[in-house]
>>> print(open('query-v7.txt').read())   # compact mmCIF, C-alpha atoms
# COMPACT_ATOMS: atom_id res chain seq x y z
CA MET A 1 159.86 -113.62 50.69
CA THR A 2 159.11 -109.96 51.20
CA ASP A 3 155.91 -108.75 52.74
CA GLU A 4 154.52 -105.74 50.93
CA ILE A 5 152.73 -103.25 53.10
CA GLN A 6 149.61 -101.95 51.41
CA ASN A 7 149.19 -98.20 51.27
CA PRO A 8 145.71 -97.36 52.64
CA GLN A 9 145.71 -93.82 51.18
CA ILE A 10 143.26 -92.64 48.54
CA ASN A 11 144.89 -92.30 45.14
CA VAL A 12 143.26 -89.28 43.48
CA SER A 13 144.40 -90.35 40.02
CA LYS A 14 142.28 -93.52 40.31
CA ILE A 15 139.03 -91.69 41.08
CA PRO A 16 136.93 -91.66 37.90
CA MET A 17 135.82 -88.20 36.88
CA GLY A 18 133.94 -87.77 33.64
CA ASN A 19 134.84 -85.34 30.92
CA GLY A 20 132.69 -82.53 29.68
CA LEU A 21 130.20 -80.75 31.92
CA GLY A 22 130.28 -83.30 34.74
CA GLY A 23 134.07 -83.16 35.03
CA ALA A 24 134.06 -79.37 34.89
CA LEU A 25 131.46 -79.16 37.65
CA ALA A 26 133.42 -81.62 39.80
CA ALA A 27 136.63 -79.64 39.28
CA LEU A 28 134.87 -76.37 40.15
CA ALA A 29 133.32 -77.94 43.24
CA CYS A 30 136.73 -79.20 44.43
CA MET A 31 138.25 -75.78 43.81
CA LEU A 32 135.42 -74.07 45.71
CA ILE A 33 135.81 -76.42 48.69
CA ILE A 34 139.54 -75.73 48.87
CA LEU A 35 139.07 -71.97 48.52
CA LEU A 36 136.43 -71.88 51.23
CA GLY A 37 138.68 -73.89 53.53
CA LEU A 38 141.76 -71.72 52.89
CA PRO A 39 140.79 -68.03 52.76
CA GLU A 40 144.47 -67.08 52.34
CA LEU A 41 144.23 -68.29 48.74
CA TRP A 42 141.49 -65.80 47.84
CA TYR A 43 144.06 -63.16 46.93
CA PHE A 44 145.65 -65.42 44.30
CA VAL A 45 142.45 -66.39 42.47
CA PRO A 46 141.56 -63.35 40.27
CA VAL A 47 144.76 -63.12 38.20
CA PRO A 48 145.01 -66.81 37.17
CA LEU A 49 141.26 -66.90 36.55
CA ALA A 50 141.44 -63.86 34.28
CA LEU A 51 144.51 -65.22 32.44
CA GLY A 52 142.83 -68.60 31.95
CA CYS A 53 139.67 -67.01 30.56
CA GLY A 54 141.77 -64.80 28.26
CA VAL A 55 143.70 -67.76 26.88
CA ALA A 56 140.46 -69.70 26.41
CA LEU A 57 138.91 -66.80 24.46
CA VAL A 58 141.97 -66.41 22.26
CA LEU A 59 142.04 -70.13 21.48
CA HIS A 60 138.30 -70.13 20.83
CA PHE A 61 138.40 -67.29 18.30
CA ILE A 62 141.50 -68.34 16.35
CA ARG A 63 140.39 -69.17 12.82
CA HIS A 64 142.00 -72.04 10.95
CA LYS A 65 141.94 -72.71 7.22
CA ASN A 66 141.30 -76.42 7.65
CA PRO A 67 140.36 -77.95 10.99
CA GLY A 68 142.66 -80.95 10.48
CA GLU A 69 145.61 -78.95 9.13
CA LEU A 70 148.60 -78.19 11.31
CA TRP A 71 148.47 -74.57 12.43
CA ILE A 72 151.91 -74.45 14.02
CA LEU A 73 154.24 -74.06 11.07
CA PRO A 74 157.53 -75.95 10.96
CA ALA A 75 160.69 -73.88 11.57
CA ALA A 76 162.37 -74.82 8.29
CA LYS A 77 160.88 -76.04 5.06
CA LYS A 78 162.63 -78.88 3.25
>>> encode(input="query-v7.txt", output="structure tokens")
Amino acid sequence: MTDEIQNPQINVSKIPMGNGLGGALAALACMLIILLGLPELWYFVPVPLALGCGVALVLHFIRHKNPGELWILPAAKK
């Protein structure tokens, strides 16, 4: 019979975090806490933030013919 040792660490993947505005605010709060605690990371924040906002804008303004239609075309037609 083996005795299993329980792991007393906090598993972040098991912490419930809502989606939508609540989840976004929680994610931003966690990011802010980490950035305030580690000032060395401040130099790496502007470029990824700008790239993320740029990708979000591009995805937001892409127009589709039909919302449910596939917009990535297959490589070869049968």
>>> atom_distance(input="query-v7.txt", atom1="CA of Ala27 (chain A)", atom2="CA of Leu41 (chain A)")
16.6 Å
>>> axis_aligned_box(input="query-v7.txt", around="region 43-57 of chain A", padding_each_side="4 Å", output="JSON")
{"center_x": 142.3, "center_y": -66.4, "center_z": 35.7, "size_x": 14.7, "size_y": 14.6, "size_z": 30.5}
>>> atom_distance(input="query-v7.txt", atom1="CA of Gly20 (chain A)", atom2="CA of Leu38 (chain A)")
27.2 Å
>>> atom_distance(input="query-v7.txt", atom1="CA of Val45 (chain A)", atom2="CA of Leu32 (chain A)")
10.9 Å
